[in-house]
Every structure is written in C-alpha cells, then in structure tokens.
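One file, model.csv, carrying CSV, C-alpha atoms:
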```csv
chain,number,residue,atom,x,y,z
A,1,MET,CA,11.4,11.9,-10.6
A,2,LEU,CA,8.8,14.5,-11.6
A,3,ARG,CA,10.2,18.0,-12.2
A,4,ARG,CA,8.0,21.0,-11.6
A,5,THR,CA,8.0,22.4,-15.1
A,6,ALA,CA,5.9,25.3,-16.3
A,7,ALA,CA,3.6,22.9,-18.2
A,8,TYR,CA,3.1,20.8,-15.0
A,9,ASN,CA,2.4,23.9,-12.9
A,10,GLN,CA,-0.2,25.0,-15.5
A,11,PHE,CA,-1.8,21.6,-15.5
A,12,GLU,CA,-1.9,21.5,-11.7
A,13,ARG,CA,-3.6,25.0,-11.6
A,14,GLN,CA,-6.2,23.9,-14.1
A,15,TRP,CA,-6.8,20.6,-12.2
A,16,LEU,CA,-7.3,22.4,-8.9
A,17,THR,CA,-9.6,25.0,-10.3
A,18,ARG,CA,-11.9,22.7,-12.3
A,19,PRO,CA,-15.5,22.4,-11.0
A,20,VAL,CA,-16.4,19.2,-9.2
A,21,ARG,CA,-19.2,17.6,-11.1
A,22,ASP,CA,-20.6,15.0,-8.8
A,23,VAL,CA,-19.3,14.5,-5.2
A,24,ARG,CA,-21.4,11.4,-4.7
A,25,GLU,CA,-19.8,9.8,-7.8
A,26,ASN,CA,-16.3,10.6,-6.4
A,27,PHE,CA,-17.2,9.0,-3.1
A,28,ARG,CA,-18.5,5.9,-4.9
A,29,ILE,CA,-15.2,5.7,-6.7
A,30,LEU,CA,-13.3,6.1,-3.5
A,31,ASP,CA,-15.4,3.3,-1.8
A,32,ALA,CA,-14.7,1.0,-4.8
A,33,LEU,CA,-11.0,1.7,-4.7
A,34,TRP,CA,-10.9,1.1,-0.9
A,35,ALA,CA,-12.8,-2.2,-1.3
A,36,GLU,CA,-10.4,-3.4,-4.0
A,37,ALA,CA,-7.4,-2.5,-1.9
A,38,VAL,CA,-8.8,-4.4,1.1
A,39,ALA,CA,-9.5,-7.4,-1.2
A,40,LEU,CA,-6.0,-7.3,-2.5
A,41,GLY,CA,-4.5,-7.2,1.0
A,42,ALA,CA,-3.0,-3.7,0.6
A,43,PHE,CA,-5.0,-2.4,3.6
A,44,ALA,CA,-6.3,-4.2,6.6
A,45,GLY,CA,-9.9,-5.2,6.7
A,46,ASP,CA,-12.2,-4.8,9.7
A,47,ASP,CA,-10.1,-6.9,12.0
A,48,PRO,CA,-6.6,-5.6,12.4
A,49,LEU,CA,-5.5,-8.9,14.0
A,50,ALA,CA,-6.7,-11.1,11.2
A,51,GLY,CA,-3.9,-13.4,10.1
A,52,ILE,CA,-1.8,-12.7,13.1
A,53,GLU,CA,-1.4,-16.5,13.8
A,54,VAL,CA,0.4,-17.0,10.5
A,55,ASP,CA,2.8,-14.0,11.3
A,56,ILE,CA,3.5,-15.5,14.8
A,57,ARG,CA,4.3,-19.0,13.3
A,58,VAL,CA,6.6,-17.5,10.7
A,59,ALA,CA,8.4,-15.3,13.4
A,60,ARG,CA,8.8,-18.4,15.7
A,61,ALA,CA,10.2,-20.5,12.8
A,62,TRP,CA,12.6,-17.6,11.8
A,63,ASN,CA,13.8,-17.1,15.3
A,64,CYS,CA,14.7,-20.8,15.7
A,65,VAL,CA,17.2,-20.7,12.8
A,66,PRO,CA,20.7,-20.5,14.2
A,67,ARG,CA,22.6,-17.4,13.4
A,68,THR,CA,25.4,-19.4,11.8
A,69,ALA,CA,23.0,-20.9,9.2
A,70,ALA,CA,22.3,-17.4,7.9
A,71,THR,CA,26.0,-16.5,7.6
A,72,ASP,CA,27.6,-19.7,6.3
A,73,ARG,CA,26.4,-19.2,2.8
A,74,PRO,CA,29.1,-18.6,0.1
A,75,SER,CA,29.2,-15.1,-1.2
A,76,ILE,CA,28.4,-14.5,-4.8
```
Produce structure tokens that represent the structure in this file.
Amino acid sequence: MLRRTAAYNQFERQWLTRPVRDVRENFRILDALWAEAVALGAFAGDDPLAGIEVDIRVARAWNCVPRTAATDRPSI
C-alpha cells in the first residue's frame, strides 16, 4: 500500500504542474495501449458478444455437474 508521504506529495504536485508537451503524442500512446489491451483480451473488442458461444457451452457443462460431485472431494 502506498503511503502519502511528503516526498510523494511533492512528486505529485510536480507531476500535475508540469507542462504537457505534445497532446497528439499522448493520444497516440493511449491508442496503442488500448489496441494492446484489446489484443490481449483485457478489454472487449468491437463486438461485445464475441465469444459468447464458448461462455454458454462452459456454463451449460458446469451446470450439469451434480452438486455432490463438487462436495465429495476429500479436504486437504
């Protein structure tokens, strides 16, 4: 956990008051990070229902497992 120390507060003040050099470059970086996150699957792409068929198949298979099968395992 990050503590709000005097050094951190000073750093934050300096960071927030620094001049922004190139807004277009910042947006290019943001777009690249967004594309990477979508490619890695961290964010949904253009179609929010993409891959829903797999989720439905997994849910159906999971729901078919009897409840006793989940509870009959020996405790460690």
re CA of Ala37 in chain A and CA of Gly51 in chain A: distance 16.6 Å
Between CA of Leu33 in chain A and CA of Val20 in chain A - distance in Å to one decimal: 18.9 Å
To one decimal place in Å, what is the distance between CA of Asp22 in chain A and CA of Glu36 in chain A? 21.6 Å
